[in-house]
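Structure, as structure tokens:
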Amino acid sequence: MDLEKILTIPGKPSLYELVSQNKVSAIVENLQDKKRMPVFGLEKVSSLAEIAIYTNDGEMGLPKVFRAMHKVLDGKKTQELAQIKNLKEYFAQFVPDFDTEHVYDSNIKKVLSWYNLLLDNNMIDQELSEREKAQEEGLAKHEAEEAATAAQAEEKPAPKAKKAEPKTAKAAKPAEKATEKAAKPKATAASSKGKATVKKTSASAK
């Protein structure tokens, strides 16, 4: 199901299929009455392939929502909006984890009406579009890279702690040598004084 060229235009209830496009405008065809018209201000036009429903875990693209609806309804249309007593309860059978606080009844009505209109035009099936395939491949690749990075981090041994004792011992040795060198001259000087004193005493005895 490729909804890349199926557009929603602000202020217009129907859906439109892109026929041709240039830099400033486009020609679209109404899916209901098949009439064509020009559209300007393309920045305000949205492709159904780019629209998503908020869920508790993130977002769910409309193509995936429509496939879920198609599967649950066995390829049939939804109930008439007037017959649905609680829109959120009804929608929950297709998307059980949709965000009930940020998805309003008005959003659900649009999705249900769009689904029926697309079904009338044989535009809903269970096949993934090329866009969706590329997105899933990119997501799978990203998850595989994250898993590989996490595995490498677990296998990588912790860095060995630096030994401080050898460095302390090496630093102590020069200090000991310096102490010994400093002590020796003092001892020599004391011995010399002793000898000098002895000589002086002998001289005075004579």
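Each chain in the structure tokens gets a letter, A, B and so on, in the order shown; residues start at 1 in every chain, and ligands are counted from 1 in the order they appear.
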
* Excluding Asp74 of chain A and residues on its chain fewer than 4 positions from it, collect all residues at most 12 Å away from it, counting only C-alpha atoms, and give them as a ChimeraX atom specification. => /A:66-70,78,94,119,124-126

Write out, as a tab-separated table (two decimals), in the first residue's frame, the residues just selected, with all heavy atoms.
chain	number	residue	atom	x	y	z
A	66	PHE	N	-4.01	1.65	8.82
A	66	PHE	CA	-4.98	1.17	7.84
A	66	PHE	C	-4.87	-0.34	7.62
A	66	PHE	O	-5.88	-1.03	7.45
A	66	PHE	CB	-4.80	1.90	6.51
A	66	PHE	CG	-5.20	3.36	6.56
A	66	PHE	CD1	-4.52	4.31	5.81
A	66	PHE	CD2	-6.25	3.79	7.35
A	66	PHE	CE1	-4.88	5.64	5.85
A	66	PHE	CE2	-6.62	5.12	7.42
A	66	PHE	CZ	-5.94	6.05	6.65
A	67	ARG	N	-3.64	-0.85	7.66
A	67	ARG	CA	-3.46	-2.30	7.50
A	67	ARG	C	-4.07	-3.05	8.70
A	67	ARG	O	-4.67	-4.11	8.54
A	67	ARG	CB	-1.98	-2.66	7.35
A	67	ARG	CG	-1.44	-2.43	5.96
A	67	ARG	CD	-0.14	-3.18	5.74
A	67	ARG	NE	0.90	-2.73	6.66
A	67	ARG	CZ	1.72	-1.70	6.41
A	67	ARG	NH1	1.62	-1.03	5.28
A	67	ARG	NH2	2.64	-1.34	7.28
A	68	ALA	N	-3.90	-2.48	9.90
A	68	ALA	CA	-4.49	-3.09	11.10
A	68	ALA	C	-6.01	-3.08	11.00
A	68	ALA	O	-6.67	-4.08	11.34
A	68	ALA	CB	-4.02	-2.34	12.34
A	69	MET	N	-6.57	-1.98	10.54
A	69	MET	CA	-8.02	-1.88	10.38
A	69	MET	C	-8.51	-2.88	9.34
A	69	MET	O	-9.52	-3.57	9.53
A	69	MET	CB	-8.40	-0.45	9.97
A	69	MET	CG	-8.11	0.59	11.04
A	69	MET	SD	-8.45	2.29	10.47
A	69	MET	CE	-10.22	2.23	10.25
A	70	HIS	N	-7.79	-2.96	8.24
A	70	HIS	CA	-8.16	-3.87	7.14
A	70	HIS	C	-8.17	-5.32	7.61
A	70	HIS	O	-9.04	-6.12	7.22
A	70	HIS	CB	-7.16	-3.68	6.00
A	70	HIS	CG	-7.52	-4.39	4.74
A	70	HIS	ND1	-7.00	-5.62	4.42
A	70	HIS	CD2	-8.37	-4.05	3.72
A	70	HIS	CE1	-7.49	-6.02	3.25
A	70	HIS	NE2	-8.31	-5.08	2.81
A	78	THR	N	-15.71	0.33	7.87
A	78	THR	CA	-16.00	0.54	9.29
A	78	THR	C	-17.51	0.78	9.45
A	78	THR	O	-18.25	0.95	8.46
A	78	THR	CB	-15.25	1.77	9.82
A	78	THR	OG1	-15.76	2.96	9.19
A	78	THR	CG2	-13.77	1.65	9.53
A	94	PHE	N	-8.36	-1.49	16.78
A	94	PHE	CA	-7.37	-1.45	15.70
A	94	PHE	C	-5.98	-1.07	16.21
A	94	PHE	O	-4.97	-1.63	15.80
A	94	PHE	CB	-7.80	-0.46	14.60
A	94	PHE	CG	-9.22	-0.60	14.18
A	94	PHE	CD1	-10.10	0.48	14.25
A	94	PHE	CD2	-9.71	-1.82	13.71
A	94	PHE	CE1	-11.42	0.36	13.87
A	94	PHE	CE2	-11.04	-1.95	13.32
A	94	PHE	CZ	-11.90	-0.85	13.41
A	119	LEU	N	-10.59	2.44	0.76
A	119	LEU	CA	-11.09	1.10	0.46
A	119	LEU	C	-11.97	1.12	-0.78
A	119	LEU	O	-11.92	0.20	-1.62
A	119	LEU	CB	-11.87	0.56	1.66
A	119	LEU	CG	-12.11	-0.94	1.73
A	119	LEU	CD1	-10.80	-1.70	1.81
A	119	LEU	CD2	-13.00	-1.29	2.92
A	124	ILE	N	-6.12	-0.06	-0.37
A	124	ILE	CA	-5.65	-0.63	0.90
A	124	ILE	C	-5.35	-2.11	0.72
A	124	ILE	O	-6.19	-2.87	0.22
A	124	ILE	CB	-6.68	-0.43	2.02
A	124	ILE	CG1	-6.82	1.06	2.34
A	124	ILE	CG2	-6.27	-1.20	3.28
A	124	ILE	CD1	-7.75	1.36	3.49
A	125	ASP	N	-4.15	-2.49	1.12
A	125	ASP	CA	-3.76	-3.90	1.13
A	125	ASP	C	-2.73	-4.10	2.24
A	125	ASP	O	-2.41	-3.18	2.98
A	125	ASP	CB	-3.20	-4.33	-0.24
A	125	ASP	CG	-2.06	-3.44	-0.71
A	125	ASP	OD1	-1.14	-3.15	0.11
A	125	ASP	OD2	-2.05	-3.01	-1.88
A	126	GLN	N	-2.20	-5.31	2.34
A	126	GLN	CA	-1.27	-5.63	3.42
A	126	GLN	C	0.20	-5.51	2.99
A	126	GLN	O	1.10	-5.80	3.78
A	126	GLN	CB	-1.53	-7.06	3.92
A	126	GLN	CG	-2.88	-7.24	4.59
A	126	GLN	CD	-3.03	-6.40	5.85
A	126	GLN	OE1	-2.09	-6.22	6.61
A	126	GLN	NE2	-4.23	-5.88	6.08

* To do: Within 12 Å of segment 104-112 of chain A, counting only C-alpha atoms, which residues show up once you throw out same-chain ones fewer than 2 positions away? Write them as a PyMOL selection string, please.
  => chain A and resi 8+12-15+48+51-54+61-66+69-70+73+76-82+84-92+94-95+98-102+114-119

* Fewer than 4 positions away in the same chain doesn't count, so skip those; otherwise give me all residues within 10 Å of Val24 of chain A, counting only C-alpha atoms, as a PyMOL selection string. => chain A and resi 39-43

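Here atom CA of Asp97 of chain A and atom CA of Val72 of chain A stand 15.3 Å from one another.
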
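With atom CA of Met37 of chain A on one side and atom CA of Met123 of chain A on the other, the separation reads 20.9 Å.
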
* helix (DSSP H, G or I) positions in segment 21-112 of chain A, given as a ChimeraX atom specification -> /A:42-44,48-50,62-72,81-83,87-92,105-112

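Of note, atom CA of Gln21 of chain A and atom CA of Leu3 of chain A are spaced 16.2 Å apart.
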